[in-house]
Each structure stands twice: as structure tokens, then as C-alpha cells.
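Listing of upload14.csv, CSV, C-alpha atoms and all ligand atoms
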```
chain,number,residue,atom,x,y,z
N,47,MET,CA,0.0,0.0,0.0
N,48,TYR,CA,1.5,3.3,-1.1
N,49,LYS,CA,0.4,6.7,0.2
N,50,ILE,CA,0.5,9.2,-2.7
N,51,ALA,CA,-0.1,12.9,-2.4
N,52,VAL,CA,-1.6,14.3,-5.6
N,53,LEU,CA,-0.9,18.0,-6.4
N,54,PRO,CA,-2.7,18.8,-9.7
N,55,GLY,CA,-1.4,22.4,-9.5
N,56,ASP,CA,-2.3,24.9,-12.2
N,57,GLY,CA,-3.5,25.0,-15.8
N,58,THR,CA,-3.6,21.7,-17.5
N,59,GLY,CA,-2.1,20.0,-14.4
N,60,LEU,CA,-5.5,18.6,-13.4
N,61,GLU,CA,-6.2,17.1,-16.8
N,62,MET,CA,-2.8,15.5,-16.9
N,63,VAL,CA,-2.8,14.0,-13.4
N,64,THR,CA,-6.3,12.6,-14.0
N,65,GLU,CA,-5.0,10.5,-16.9
N,66,GLY,CA,-1.8,9.6,-15.0
N,67,LEU,CA,-3.9,8.3,-12.1
N,68,LYS,CA,-6.2,6.5,-14.4
N,69,VAL,CA,-3.3,4.5,-15.7
N,70,LEU,CA,-1.8,4.0,-12.2
N,71,GLN,CA,-5.2,2.7,-11.0
N,72,ALA,CA,-5.4,0.2,-13.9
N,73,ALA,CA,-1.8,-0.9,-13.0
N,74,GLU,CA,-2.9,-1.4,-9.4
N,75,GLU,CA,-5.3,-4.2,-10.2
N,76,LYS,CA,-3.0,-5.8,-12.7
N,77,PHE,CA,0.2,-5.8,-10.7
N,78,GLY,CA,-1.2,-6.3,-7.2
N,79,PHE,CA,-0.2,-3.1,-5.3
N,80,LYS,CA,-2.5,-0.6,-3.8
N,81,MET,CA,-2.4,3.2,-3.7
N,82,GLU,CA,-4.2,5.6,-1.4
N,83,THR,CA,-4.3,9.1,-2.8
N,84,VAL,CA,-4.8,12.4,-1.0
N,85,ASN,CA,-5.4,15.6,-3.1
N,86,TYR,CA,-3.7,18.8,-2.2
N,87,ASP,CA,-5.0,22.1,-3.5
N,88,LEU,CA,-1.8,24.1,-4.1
N,89,GLY,CA,-1.0,26.5,-6.9
N,90,GLY,CA,-2.0,29.8,-8.4
N,91,ASP,CA,-5.7,29.6,-7.7
N,92,ARG,CA,-5.2,29.0,-4.0
N,93,TYR,CA,-2.5,31.7,-3.9
N,94,LEU,CA,-4.9,34.2,-5.5
N,95,ARG,CA,-7.7,33.2,-3.1
N,96,THR,CA,-5.8,33.0,0.2
N,97,GLY,CA,-2.3,34.3,-0.3
N,98,GLU,CA,-0.9,30.9,0.6
N,99,VAL,CA,1.7,29.2,-1.5
N,100,LEU,CA,3.1,26.3,0.6
N,101,PRO,CA,1.8,26.3,4.2
N,102,GLU,CA,4.2,24.8,6.7
N,103,SER,CA,1.6,22.3,7.8
N,104,VAL,CA,1.1,21.0,4.3
N,105,LEU,CA,4.9,20.6,3.9
N,106,GLU,CA,5.0,18.6,7.1
N,107,GLU,CA,2.1,16.4,5.9
N,108,LEU,CA,3.7,15.8,2.5
N,109,LYS,CA,6.7,14.3,4.3
N,110,GLN,CA,4.4,11.4,5.5
N,111,PHE,CA,3.7,10.2,2.0
N,112,ASP,CA,5.6,7.6,-0.1
N,113,ALA,CA,5.5,9.8,-3.1
N,114,ILE,CA,4.1,13.0,-4.6
N,115,PHE,CA,2.4,13.1,-8.0
N,116,LEU,CA,2.5,16.6,-9.4
N,117,GLY,CA,0.7,18.1,-12.3
N,118,ALA,CA,2.1,21.5,-13.2
N,119,ILE,CA,2.9,24.8,-11.5
N,120,GLY,CA,2.5,28.3,-13.2
N,121,HIS,CA,-0.5,30.6,-13.4
N,122,PRO,CA,-0.8,33.5,-15.9
N,123,ASP,CA,-2.3,35.9,-13.2
N,124,VAL,CA,0.6,35.3,-10.7
N,125,LYS,CA,3.8,37.2,-11.1
N,126,PRO,CA,6.6,34.9,-12.4
N,127,GLY,CA,8.7,33.5,-9.6
N,128,ILE,CA,6.2,33.4,-6.8
N,129,LEU,CA,4.8,29.9,-7.5
N,130,GLU,CA,8.0,28.6,-9.2
N,131,LYS,CA,10.2,29.5,-6.3
N,132,GLY,CA,7.6,29.4,-3.5
N,133,LEU,CA,6.1,26.1,-4.4
N,134,LEU,CA,8.1,23.9,-6.9
N,135,LEU,CA,11.6,24.9,-5.8
N,136,GLN,CA,10.5,24.9,-2.1
N,137,LEU,CA,9.3,21.3,-2.5
N,138,ARG,CA,12.6,20.3,-4.1
N,139,PHE,CA,14.6,22.1,-1.5
N,140,GLN,CA,12.6,21.4,1.6
N,141,LEU,CA,12.2,17.7,0.8
N,142,ASP,CA,15.9,17.6,-0.2
N,143,LEU,CA,15.1,16.0,-3.5
N,144,TYR,CA,18.6,16.2,-4.7
N,145,VAL,CA,18.3,14.5,-8.0
N,146,ASN,CA,16.2,15.5,-10.9
N,147,LEU,CA,16.1,12.5,-13.2
N,148,ARG,CA,15.0,13.2,-16.7
N,149,PRO,CA,14.9,10.4,-19.3
N,150,VAL,CA,15.3,11.4,-23.0
N,151,LYS,CA,13.9,8.5,-25.0
N,152,LEU,CA,12.4,8.6,-28.4
N,153,PHE,CA,9.7,5.9,-28.8
N,154,PRO,CA,9.2,4.2,-32.1
N,155,GLY,CA,6.8,6.1,-34.4
N,156,VAL,CA,7.4,9.4,-32.7
N,157,SER,CA,8.8,12.1,-34.9
N,158,THR,CA,11.9,13.9,-33.8
N,159,PRO,CA,13.2,17.2,-35.3
N,160,LEU,CA,16.6,15.4,-35.8
N,161,LYS,CA,17.0,14.3,-39.4
N,162,ASP,CA,18.1,10.7,-39.8
N,163,LYS,CA,17.9,9.9,-36.1
N,164,GLY,CA,15.7,7.2,-34.6
N,165,PRO,CA,14.8,5.4,-31.4
N,166,GLU,CA,18.2,3.6,-31.4
N,167,ASP,CA,20.0,6.9,-31.4
N,168,ILE,CA,18.0,8.8,-28.8
N,169,ASP,CA,17.9,7.0,-25.4
N,170,PHE,CA,19.7,8.6,-22.5
N,171,VAL,CA,19.0,10.0,-19.1
N,172,VAL,CA,20.0,13.3,-17.5
N,173,VAL,CA,20.8,13.3,-13.8
N,174,ARG,CA,20.4,17.0,-12.8
N,175,GLU,CA,21.6,18.2,-9.4
N,176,ASN,CA,18.4,19.6,-7.8
N,177,THR,CA,19.2,21.5,-4.6
N,178,GLU,CA,22.3,23.7,-5.2
N,179,GLY,CA,24.1,25.6,-8.0
N,180,LEU,CA,22.6,28.9,-9.2
N,181,TYR,CA,19.2,27.8,-7.8
N,182,ALA,CA,20.4,28.0,-4.2
N,183,GLY,CA,19.4,31.7,-4.1
N,184,ALA,CA,22.8,33.0,-3.0
N,185,GLY,CA,23.5,36.6,-3.9
N,186,GLY,CA,21.7,39.9,-3.7
N,187,PHE,CA,21.5,43.5,-4.8
N,188,LEU,CA,23.6,46.4,-4.0
N,189,ARG,CA,22.3,50.0,-4.7
N,190,LYS,CA,19.2,48.5,-6.2
N,191,GLY,CA,17.3,50.7,-8.6
N,192,THR,CA,20.2,53.2,-9.0
N,193,PRO,CA,22.5,53.7,-12.0
N,194,GLN,CA,25.2,52.0,-9.8
N,195,GLU,CA,23.1,48.9,-9.2
N,196,VAL,CA,25.0,45.6,-8.6
N,197,ALA,CA,23.3,42.2,-8.9
N,198,VAL,CA,25.2,39.1,-7.8
N,199,GLN,CA,24.0,35.6,-8.2
N,200,GLU,CA,26.3,32.9,-7.1
N,201,SER,CA,26.5,29.2,-7.8
N,202,VAL,CA,26.7,27.1,-4.7
N,203,ASN,CA,28.4,23.7,-5.1
N,204,THR,CA,29.2,21.7,-2.0
N,205,ARG,CA,31.4,18.6,-2.0
N,206,PHE,CA,28.5,16.8,-0.2
N,207,GLY,CA,25.9,17.9,-2.7
N,208,VAL,CA,28.0,17.2,-5.7
N,209,GLU,CA,29.1,13.9,-4.5
N,210,ARG,CA,25.7,12.5,-3.6
N,211,CYS,CA,24.4,13.5,-7.1
N,212,LEU,CA,27.4,11.9,-8.8
N,213,ARG,CA,26.9,8.8,-6.7
N,214,TYR,CA,23.3,8.6,-7.8
N,215,ALA,CA,24.4,8.9,-11.4
N,216,PHE,CA,27.1,6.3,-11.1
N,217,ASP,CA,24.7,3.9,-9.3
N,218,TYR,CA,22.0,4.5,-11.9
N,219,CYS,CA,24.4,3.9,-14.7
N,220,ARG,CA,25.6,0.7,-13.2
N,221,ASP,CA,22.2,-0.7,-12.1
N,222,LYS,CA,19.9,0.5,-14.8
N,223,ARG,CA,21.8,1.0,-18.1
N,224,GLN,CA,23.4,-1.3,-20.6
N,225,ARG,CA,26.1,0.9,-22.1
N,226,LYS,CA,27.5,2.1,-18.8
N,227,LYS,CA,28.9,5.4,-20.0
N,228,LEU,CA,28.6,8.4,-17.7
N,229,THR,CA,29.2,11.9,-19.1
N,230,LEU,CA,29.9,14.8,-16.8
N,231,CYS,CA,28.5,18.0,-18.4
N,232,GLY,CA,30.2,21.1,-17.1
N,233,LYS,CA,32.2,24.2,-18.1
N,234,THR,CA,35.6,23.5,-16.7
N,235,ASN,CA,37.2,26.0,-19.1
N,236,VAL,CA,35.5,29.0,-17.5
N,237,LEU,CA,33.8,28.0,-14.3
N,238,THR,CA,37.1,26.9,-12.8
N,239,TYR,CA,36.0,26.7,-9.2
N,240,ALA,CA,32.5,25.0,-9.4
N,241,PHE,CA,33.4,22.5,-12.1
N,242,ASP,CA,36.9,21.9,-10.8
N,243,LEU,CA,35.1,20.5,-7.7
N,244,TRP,CA,32.7,18.5,-9.9
N,245,GLU,CA,35.5,17.1,-12.1
N,246,ARG,CA,37.7,16.1,-9.1
N,247,ALA,CA,34.8,14.4,-7.3
N,248,PHE,CA,33.8,12.7,-10.6
N,249,HIS,CA,37.2,11.2,-11.1
N,250,GLU,CA,37.8,10.4,-7.4
N,251,LEU,CA,34.6,8.4,-7.3
N,252,GLY,CA,35.2,6.7,-10.7
N,253,PRO,CA,37.5,3.9,-9.4
N,254,GLU,CA,34.6,2.7,-7.1
N,255,TYR,CA,32.7,2.0,-10.3
N,256,PRO,CA,35.1,0.0,-12.5
N,257,GLY,CA,32.6,-1.0,-15.1
N,258,ILE,CA,31.6,2.5,-16.0
N,259,GLU,CA,33.2,4.6,-18.7
N,260,ARG,CA,33.8,8.2,-17.7
N,261,ASP,CA,33.4,11.0,-20.2
N,262,TYR,CA,33.4,14.8,-20.0
N,263,ALA,CA,31.8,17.5,-22.2
N,264,HIS,CA,31.3,21.2,-21.8
N,265,VAL,CA,27.7,22.3,-21.7
N,266,ASP,CA,27.9,24.3,-24.9
N,267,ALA,CA,29.4,21.4,-26.8
N,268,ILE,CA,26.9,18.9,-25.3
N,269,SER,CA,24.1,21.1,-26.6
N,270,MET,CA,25.6,20.7,-30.1
N,271,TRP,CA,26.2,17.0,-29.7
N,272,MET,CA,22.7,16.3,-28.3
N,273,VAL,CA,21.5,17.5,-31.7
N,274,LYS,CA,24.3,16.1,-33.9
N,275,ASN,CA,25.2,12.8,-32.2
N,276,PRO,CA,22.6,12.0,-29.5
N,277,GLU,CA,23.7,8.3,-29.7
N,278,TRP,CA,26.9,9.2,-27.9
N,279,PHE,CA,25.0,9.6,-24.6
N,280,ASP,CA,23.9,7.1,-22.0
N,281,VAL,CA,23.8,9.0,-18.7
N,282,ILE,CA,24.6,12.7,-18.4
N,283,VAL,CA,25.2,14.2,-14.9
N,284,THR,CA,25.3,17.9,-14.4
N,285,ASP,CA,24.5,20.9,-12.2
N,286,ASN,CA,21.1,22.5,-11.6
N,287,LEU,CA,21.0,25.2,-14.3
N,288,PHE,CA,22.8,23.3,-17.0
N,289,GLY,CA,20.5,20.4,-16.3
N,290,ASP,CA,17.4,22.6,-16.6
N,291,ILE,CA,18.6,23.9,-20.0
N,292,ILE,CA,19.7,20.7,-21.6
N,293,THR,CA,16.6,18.8,-20.6
N,294,ASP,CA,14.4,21.2,-22.5
N,295,LEU,CA,16.5,20.5,-25.5
N,296,GLY,CA,16.3,16.8,-24.6
N,297,ALA,CA,12.5,17.0,-24.4
N,298,MET,CA,12.4,18.4,-28.0
N,299,ILE,CA,14.5,15.7,-29.5
N,300,GLN,CA,12.3,13.0,-27.8
N,301,GLY,CA,9.2,14.3,-29.4
N,302,GLY,CA,8.3,17.3,-27.3
N,303,MET,CA,6.9,18.4,-23.9
N,304,GLY,CA,3.9,16.1,-24.4
N,305,ILE,CA,6.0,13.1,-23.4
N,306,ALA,CA,8.8,14.5,-21.2
N,307,ALA,CA,8.6,13.4,-17.6
N,308,GLY,CA,10.9,13.7,-14.6
N,309,GLY,CA,11.4,12.6,-11.0
N,310,ASN,CA,12.6,14.8,-8.1
N,311,ILE,CA,14.3,12.1,-6.1
N,312,HIS,CA,15.8,11.5,-2.7
N,313,PRO,CA,16.5,7.8,-2.6
N,314,GLY,CA,14.6,6.2,0.3
N,315,GLN,CA,12.5,9.2,1.0
N,316,VAL,CA,9.4,10.8,-0.3
N,317,SER,CA,10.0,11.9,-3.9
N,318,MET,CA,8.0,13.8,-6.4
N,319,PHE,CA,7.2,13.0,-10.1
N,320,GLU,CA,6.0,15.4,-12.7
N,321,PRO,CA,5.6,16.2,-16.4
N,322,ILE,CA,8.4,18.7,-17.1
N,323,GLY,CA,6.5,20.8,-19.6
N,324,GLY,CA,4.7,23.3,-17.3
N,325,SER,CA,1.0,24.2,-17.0
N,326,ALA,CA,0.3,25.3,-20.6
N,327,PRO,CA,-2.6,27.6,-19.4
N,328,LYS,CA,-3.9,28.3,-22.9
N,329,TYR,CA,-5.0,24.7,-23.3
N,330,THR,CA,-6.7,24.4,-19.8
N,331,GLY,CA,-10.0,22.6,-19.8
N,332,GLN,CA,-10.0,21.9,-23.5
N,333,GLY,CA,-9.1,18.2,-23.4
N,334,VAL,CA,-6.3,18.6,-25.9
N,335,ILE,CA,-3.2,18.4,-23.8
N,336,ASN,CA,-1.1,15.2,-24.1
N,337,PRO,CA,-1.2,13.3,-20.9
N,338,LEU,CA,1.6,10.9,-21.8
N,339,ALA,CA,4.1,13.0,-19.8
N,340,SER,CA,2.0,12.5,-16.7
N,341,ILE,CA,1.6,8.8,-17.4
N,342,CYS,CA,5.3,8.4,-17.9
N,343,ALA,CA,5.9,10.4,-14.6
N,344,GLY,CA,3.5,7.8,-13.0
N,345,ALA,CA,5.7,5.0,-14.4
N,346,MET,CA,8.8,6.7,-12.9
N,347,MET,CA,7.0,6.9,-9.6
N,348,LEU,CA,6.3,3.2,-9.6
N,349,ASP,CA,9.8,2.4,-10.5
N,350,HIS,CA,11.0,4.5,-7.6
N,351,LEU,CA,8.6,2.7,-5.2
N,352,GLY,CA,10.0,-0.6,-6.4
N,353,GLU,CA,7.2,-1.6,-8.7
N,354,THR,CA,9.6,-2.0,-11.5
N,355,GLY,CA,7.6,-4.6,-13.5
N,356,ALA,CA,4.5,-2.3,-13.5
N,357,ALA,CA,6.7,0.7,-14.5
N,358,GLU,CA,8.1,-1.2,-17.5
N,359,ARG,CA,4.7,-2.3,-18.6
N,360,ILE,CA,3.3,1.2,-18.5
N,361,GLU,CA,6.3,2.4,-20.5
N,362,LYS,CA,5.7,-0.3,-23.1
N,363,ALA,CA,2.0,0.6,-23.3
N,364,VAL,CA,2.9,4.2,-23.9
N,365,ALA,CA,5.4,3.2,-26.6
N,366,GLY,CA,2.7,1.1,-28.2
N,367,VAL,CA,0.2,4.0,-28.2
N,368,CYS,CA,2.8,6.3,-29.6
N,369,SER,CA,3.7,4.0,-32.5
N,370,SER,CA,0.3,2.7,-33.4
N,371,LYS,CA,-2.3,5.3,-32.5
N,372,LEU,CA,-1.3,9.0,-32.1
N,373,LYS,CA,-0.9,11.2,-35.1
N,374,SER,CA,1.4,13.6,-33.1
N,375,LEU,CA,2.4,14.2,-29.5
N,376,ASN,CA,1.5,17.8,-29.7
N,377,ALA,CA,-1.5,19.3,-27.9
N,378,GLY,CA,-4.5,19.4,-30.1
N,379,GLN,CA,-2.9,17.3,-32.9
N,380,MET,CA,-2.9,13.8,-31.3
N,381,GLY,CA,-6.1,12.7,-33.2
N,382,TYR,CA,-7.6,11.9,-29.7
N,383,SER,CA,-8.6,13.9,-26.7
N,384,THR,CA,-6.7,13.9,-23.4
N,385,SER,CA,-8.9,11.3,-21.8
N,386,GLU,CA,-9.0,9.1,-24.9
N,387,VAL,CA,-5.2,9.0,-24.8
N,388,GLY,CA,-5.4,7.8,-21.2
N,389,ASP,CA,-7.9,5.2,-22.2
N,390,LEU,CA,-5.7,4.0,-25.0
N,391,VAL,CA,-2.8,3.5,-22.6
N,392,VAL,CA,-5.1,1.6,-20.2
N,393,GLU,CA,-6.2,-0.6,-23.0
N,394,ALA,CA,-2.7,-1.3,-24.2
N,395,LEU,CA,-1.7,-2.1,-20.6
B,401,LIG,C1,11.8,22.8,-14.6
B,401,LIG,C2,11.3,24.2,-14.6
B,401,LIG,C3,11.6,24.8,-13.3
B,401,LIG,C4,13.1,24.9,-13.1
B,401,LIG,C5,11.0,26.2,-13.1
B,401,LIG,C6,9.5,26.2,-13.3
B,401,LIG,C7,11.4,26.8,-11.8
B,401,LIG,O1,11.8,24.9,-15.7
B,401,LIG,O2,11.4,22.0,-13.8
B,401,LIG,O3,12.7,22.5,-15.4
B,401,LIG,O4,13.8,25.8,-13.6
B,401,LIG,O5,13.7,23.9,-12.6
B,402,MN,MN,13.1,23.7,-17.0
```

Would you mind giving the structure from this file in C-alpha cells?
Amino acid sequence: MYKIAVLPGDGTGLEMVTEGLKVLQAAEEKFGFKMETVNYDLGGDRYLRTGEVLPESVLEELKQFDAIFLGAIGHPDVKPGILEKGLLLQLRFQLDLYVNLRPVKLFPGVSTPLKDKGPEDIDFVVVRENTEGLYAGAGGFLRKGTPQEVAVQESVNTRFGVERCLRYAFDYCRDKRQRKKLTLCGKTNVLTYAFDLWERAFHELGPEYPGIERDYAHVDAISMWMVKNPEWFDVIVTDNLFGDIITDLGAMIQGGMGIAAGGNIHPGQVSMFEPIGGSAPKYTGQGVINPLASICAGAMMLDHLGETGAAERIEKAVAGVCSSKLKSLNAGQMGYSTSEVGDLVVEAL
């Protein structure tokens, strides 16, 4: 029995988690596990109504769950930053979800903007550090609003934080991947403090993982190679901001935001799973958004909870629906409504 907190959030979040839960519930019966879900009303509407973003009591309650299933955060009537920093990043930081795991996998039949590349070329995962770097909020203003204004924003990299993220990536590469190649993505030619630490830690840990090939690429070069030679990559590990940027690029080469899912993970503790594409407010309530990202996030959640068989079967069902049913993965162009896509996955399962 798993206790799952459901946070639909904003915009199309509700439509997406509805389909994600539909598939999880179908998996429940089939694979013999049980889920108990509790809904939490957090997001832009609550903030506009009550001024609350993430009440302390809710945060404490969330710690009691096995996992959190998140829809999307971001509301057009709320100033940018309030919900992103106050809710999404707070959850990541307060729950110490130090890894953001983002698979980049092209399913058969899905079109990629990369010419001459197919499913055999695009299959890697990004392990993004999720609690430090430029996201830590270090810095500030001096003489704000004057012509002499200074704004400083510093990247925080601790040996502890870097090492636990690297270890996760090494472990993941060893336990879950065939090719066993781990690429550190950094900027050692310019960020000579932060990525010096990353690079030293990477090579110091390496000998503990003898079966894993170590590789390094600068973030600008990796952006080029993800387009030109995505088949080079197996597992990429990187800091918070670089991970944010390259995983949007990754989402595009795997067929778009309609299918891109991620997990905010602290092994052994409550972790949070989400579509990475945001709340897409313009599509709210129309039944056109692609729920596959939420369904894939559900599969990642099951994998995290140890239901690996069920997770694999959901992923296979999604792959089948992509290749045999959907015209496109883009909102409004799938040839089916949001709930019909959920039904198709259940049927395939
Ligand atoms: C993501 C998002 C968030 C991030 C935003 C909404 C704060 O872009 O999950 O990738 O920058 O991490
Ligand atoms: Mn992002």
C-alpha cells in the first residue's frame, strides 16, 4: 500500500494527473499493489484566493507520503517567480530532492526534429543536481534601482551535494543501463571553481565503479552533440541550471513536452514525479493536452517505489500507443482527446 499525495497544481495540471492516475489505477489491479491518494489544492488559484503558496503544515504532511504526484505549476495571473520559487523549488529544497532524473527517450513512431535519427539513437537520461548551484538563491542586490546597481547571483556547489548527485548517477548507470557510460556535463574551461570541484569528485569516485566509462563534455558542446550525435550519450550528470537547460533540449528531441517526464528524487525518502512541460494555461480545460508526460511520470514513480515490473509495462504501453495510435504528440494534434489517450494506454496495458 502506497500513500500518494496528488498535487494537480495549475492550468492543464489537473487534466494530466487525472489521466496519470487512471493508468496507475489500472496498473494497481493488474500488478497487485495498492495506492491511497490524497489531493492537495496548491498552486495559483489557492494563492490568489488566500495568499498561501506552501503552508508549513502542508509541507509537514507531505513528508508522511511515499511519493508526490505533481501536475504543473505556473499561473498567468501570478507574477513569475512566486509559484516557481515558492512552491516547486521549495518542495525540491525542503524535501531535499537532490536528483532531478529526466529520461530522454524517443519511442518508435514518434517524430523527432533530428533528421536521420531514430529510437536507437535517442535513449539517454540526464541526472540533474536539484538542490544547489545557481538555484540556491545565493547573492543579492547592492544599490538596487540606482545607476550604480549591482546584482550578484552565485552558484553554490558543496562537496557533499555534488558527491551525492554523482553517486546517484554512477549507481543508476551501473544498475539500470546497458552501455554504462557516464558523461559529466560542465564548463571546466571557464567555471574553474565550481566545475573543478565537480570534475575532481567525478574522477575520485570513478574507481569505485570499475565497469563505468567516464566521459566529460562542456555544456555548450553537449548542446551541439545532443542534436548532432545524441547516440553518444547514455547517462549525463550535471548541475542544476545546465540540467534545466539541456533537458528542455532533450524533451524536444524525444518528441516534445507532451512526453517528457521527470522525477525529483531522494532515494529512500518521499520523492516527487512530474511532467516537465509546465502548466500550458492556454489549453486548460479543452481536453487537448497530451497526458503521456504525466503517465510516464507515474511509471517513474512506480519504478522509484520498487514496482519495476509495472513501471516497465506502462512504458511499453505508452510506446505502443505512440507508435500505433497517435498522429502527433503535440497538444490538439494527437487525433484523440486527453482522456482518450489515457484510455488507449489503459487498453494497451
Ligand atoms: C523545470 C522548470 C523549473 C526549473 C522552473 C519552473 C522553476 O523549468 O522543472 O525544469 O527551472 O527547474
Ligand atoms: Mn526547466

d(CA of His350 in chain N, CA of Ile119 in chain N) in Å:
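Straight-line distance from CA of His350 in chain N to CA of Ile119 in chain N works out to 22.2 Å.
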
Using only C-alpha atoms and all ligand atoms, determine which residues fall within 8 Å of ligand LIG 401 (chain B), then list them as a list in words.
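Every residue with an atom at most 8 Å from ligand LIG 401 (chain B) is listed here: Ile119, Gly120, Gly127, Glu130, Lys131, Leu134, Leu135, Asn176, Asn286, Leu287, Asp290, Ile291, Thr293, Asp294, Ile322, Gly323 and Gly324 of chain N.
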
What is the distance, in Å and to one decimal place, between CA of Gly179 in chain N and CA of Gly89 in chain N?
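CA of Gly89 in chain N lies 25.1 Å from CA of Gly179 in chain N.
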
Please return as an NGL selection string every residue within 10 Å of (32.1, 18.8, -4.3), taking into account only C-alpha atoms and the file's own coordinates.
:N and (202-212 or 240-248)

Atom pair CA of Glu82 in chain N / CA of Gly66 in chain N: separation (Å):
14.4 Å

From the list N:Glu254, N:Glu200, N:Asp217, N:Glu175, which residue is nearest Cys231 in chain N when using all atoms listed in the file?
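Of the candidates, the smallest distance to Cys231 in chain N is held by N:Glu175.
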
I'd like the neighbourhood of Ile360 in chain N as a list in words, where a residue qualifies if any of its atoms comes within 8 Å (using only C-alpha atoms), though same-chain residues fewer than 2 positions away should be ignored.
Val69, Ala73, Ile341, Cys342, Ala345, Ala356, Ala357, Glu358, Lys362, Ala363, Val364, Val391 and Leu395 of chain N

Could you save those same residues with C-alpha atoms as a PDB file, keeping the file's coordinate frame?
```
ATOM      1  CA  VAL N  69      -3.300   4.500 -15.700  1.00  0.00           C
ATOM      2  CA  ALA N  73      -1.800  -0.900 -13.000  1.00  0.00           C
ATOM      3  CA  ILE N 341       1.600   8.800 -17.400  1.00  0.00           C
ATOM      4  CA  CYS N 342       5.300   8.400 -17.900  1.00  0.00           C
ATOM      5  CA  ALA N 345       5.700   5.000 -14.400  1.00  0.00           C
ATOM      6  CA  ALA N 356       4.500  -2.300 -13.500  1.00  0.00           C
ATOM      7  CA  ALA N 357       6.700   0.700 -14.500  1.00  0.00           C
ATOM      8  CA  GLU N 358       8.100  -1.200 -17.500  1.00  0.00           C
ATOM      9  CA  LYS N 362       5.700  -0.300 -23.100  1.00  0.00           C
ATOM     10  CA  ALA N 363       2.000   0.600 -23.300  1.00  0.00           C
ATOM     11  CA  VAL N 364       2.900   4.200 -23.900  1.00  0.00           C
ATOM     12  CA  VAL N 391      -2.800   3.500 -22.600  1.00  0.00           C
ATOM     13  CA  LEU N 395      -1.700  -2.100 -20.600  1.00  0.00           C
TER      14      LEU N 395
END
```

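Among N:Tyr48, N:Tyr181, N:Trp271, N:Phe170, the residue with the shortest atom-to-atom distance to ligand MN 402 (chain B), counting all atoms listed in the file, is N:Tyr181.
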
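Distance cut-off 12 Å, centre (5.9, 20.9, 4.6), atoms counted only C-alpha atoms; the residues meeting this are Tyr86, Val99, Leu100, Pro101, Glu102, Ser103, Val104, Leu105, Glu106, Glu107, Leu108, Lys109, Gln110, Phe111, Gly132, Leu133, Gln136, Leu137, Arg138, Phe139, Gln140, Leu141, Asp142 and Val316 of chain N.
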
Out of N:Pro313, N:Tyr214, N:Phe115, N:Thr58, which residue has the shortest atom-to-atom distance to Asn336 in chain N when counting all atoms listed in the file?
N:Thr58

Nearest to His312 in chain N, chosen from N:Leu351, N:Cys368, N:Leu228, N:Gly252, with only C-alpha atoms counted in the distances:
N:Leu351

Which is closest to Ile311 in chain N among N:Leu129, N:Phe77, N:Ile50, N:Met347, if we use only C-alpha atoms?
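Answer, going by the shortest atom-to-atom distance: N:Met347.
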
I want to know what sits within 8 Å of Pro54 in chain N, based on only C-alpha atoms, with residues of the same chain fewer than 4 positions away left out; could you give that as a compact mmCIF listing (two decimals) with C-alpha atoms, in the coordinates of the input?
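For reference, selection-v5.txt as written:
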```txt
# COMPACT_ATOMS: atom_id res chain seq x y z
CA GLY N 59 -2.10 20.00 -14.40
CA LEU N 60 -5.50 18.60 -13.40
CA MET N 62 -2.80 15.50 -16.90
CA VAL N 63 -2.80 14.00 -13.40
CA ASN N 85 -5.40 15.60 -3.10
CA TYR N 86 -3.70 18.80 -2.20
CA ASP N 87 -5.00 22.10 -3.50
CA LEU N 88 -1.80 24.10 -4.10
CA PHE N 115 2.40 13.10 -8.00
CA LEU N 116 2.50 16.60 -9.40
CA GLY N 117 0.70 18.10 -12.30
CA ALA N 118 2.10 21.50 -13.20
```

Select, from N:Pro154, N:Pro321, N:Gly183, N:Pro253, the residue with the minimum atom-to-atom distance to ligand MN 402 (chain B), counting all atoms listed in the file.
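Of N:Pro154, N:Pro321, N:Gly183, N:Pro253, the one nearest ligand MN 402 (chain B), counting all atoms listed in the file, is N:Pro321.
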
Show me, as a PyMOL selection string, the residues that have an atom within 8 Å of Glu277 in chain N when counting all atoms listed in the file, minus same-chain residues fewer than 5 positions from it.
chain N and resi 166-169

Output C-alpha atoms for every residue in the selection just made, as a PDB file, in the frame of the given file.
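Saved to selection-v6.pdb:
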```pdb
ATOM      1  CA  GLU N 166      18.200   3.600 -31.400  1.00  0.00           C
ATOM      2  CA  ASP N 167      20.000   6.900 -31.400  1.00  0.00           C
ATOM      3  CA  ILE N 168      18.000   8.800 -28.800  1.00  0.00           C
ATOM      4  CA  ASP N 169      17.900   7.000 -25.400  1.00  0.00           C
TER       5      ASP N 169
END
```

Nearby residues (only C-alpha atoms) at most 7 Å from range 378-390 of chain N, same-chain spacing under 6 positions excluded, as a PDB file with C-alpha atoms, in the frame of the given file:
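Writing the result to part37.pdb gives the following:
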```pdb
ATOM      1  CA  GLU N  65      -5.000  10.500 -16.900  1.00  0.00           C
ATOM      2  CA  LYS N  68      -6.200   6.500 -14.400  1.00  0.00           C
ATOM      3  CA  VAL N  69      -3.300   4.500 -15.700  1.00  0.00           C
ATOM      4  CA  GLY N 333      -9.100  18.200 -23.400  1.00  0.00           C
ATOM      5  CA  VAL N 334      -6.300  18.600 -25.900  1.00  0.00           C
ATOM      6  CA  ILE N 335      -3.200  18.400 -23.800  1.00  0.00           C
ATOM      7  CA  ASN N 336      -1.100  15.200 -24.100  1.00  0.00           C
ATOM      8  CA  PRO N 337      -1.200  13.300 -20.900  1.00  0.00           C
ATOM      9  CA  VAL N 367       0.200   4.000 -28.200  1.00  0.00           C
ATOM     10  CA  LEU N 372      -1.300   9.000 -32.100  1.00  0.00           C
TER      11      LEU N 372
END
```
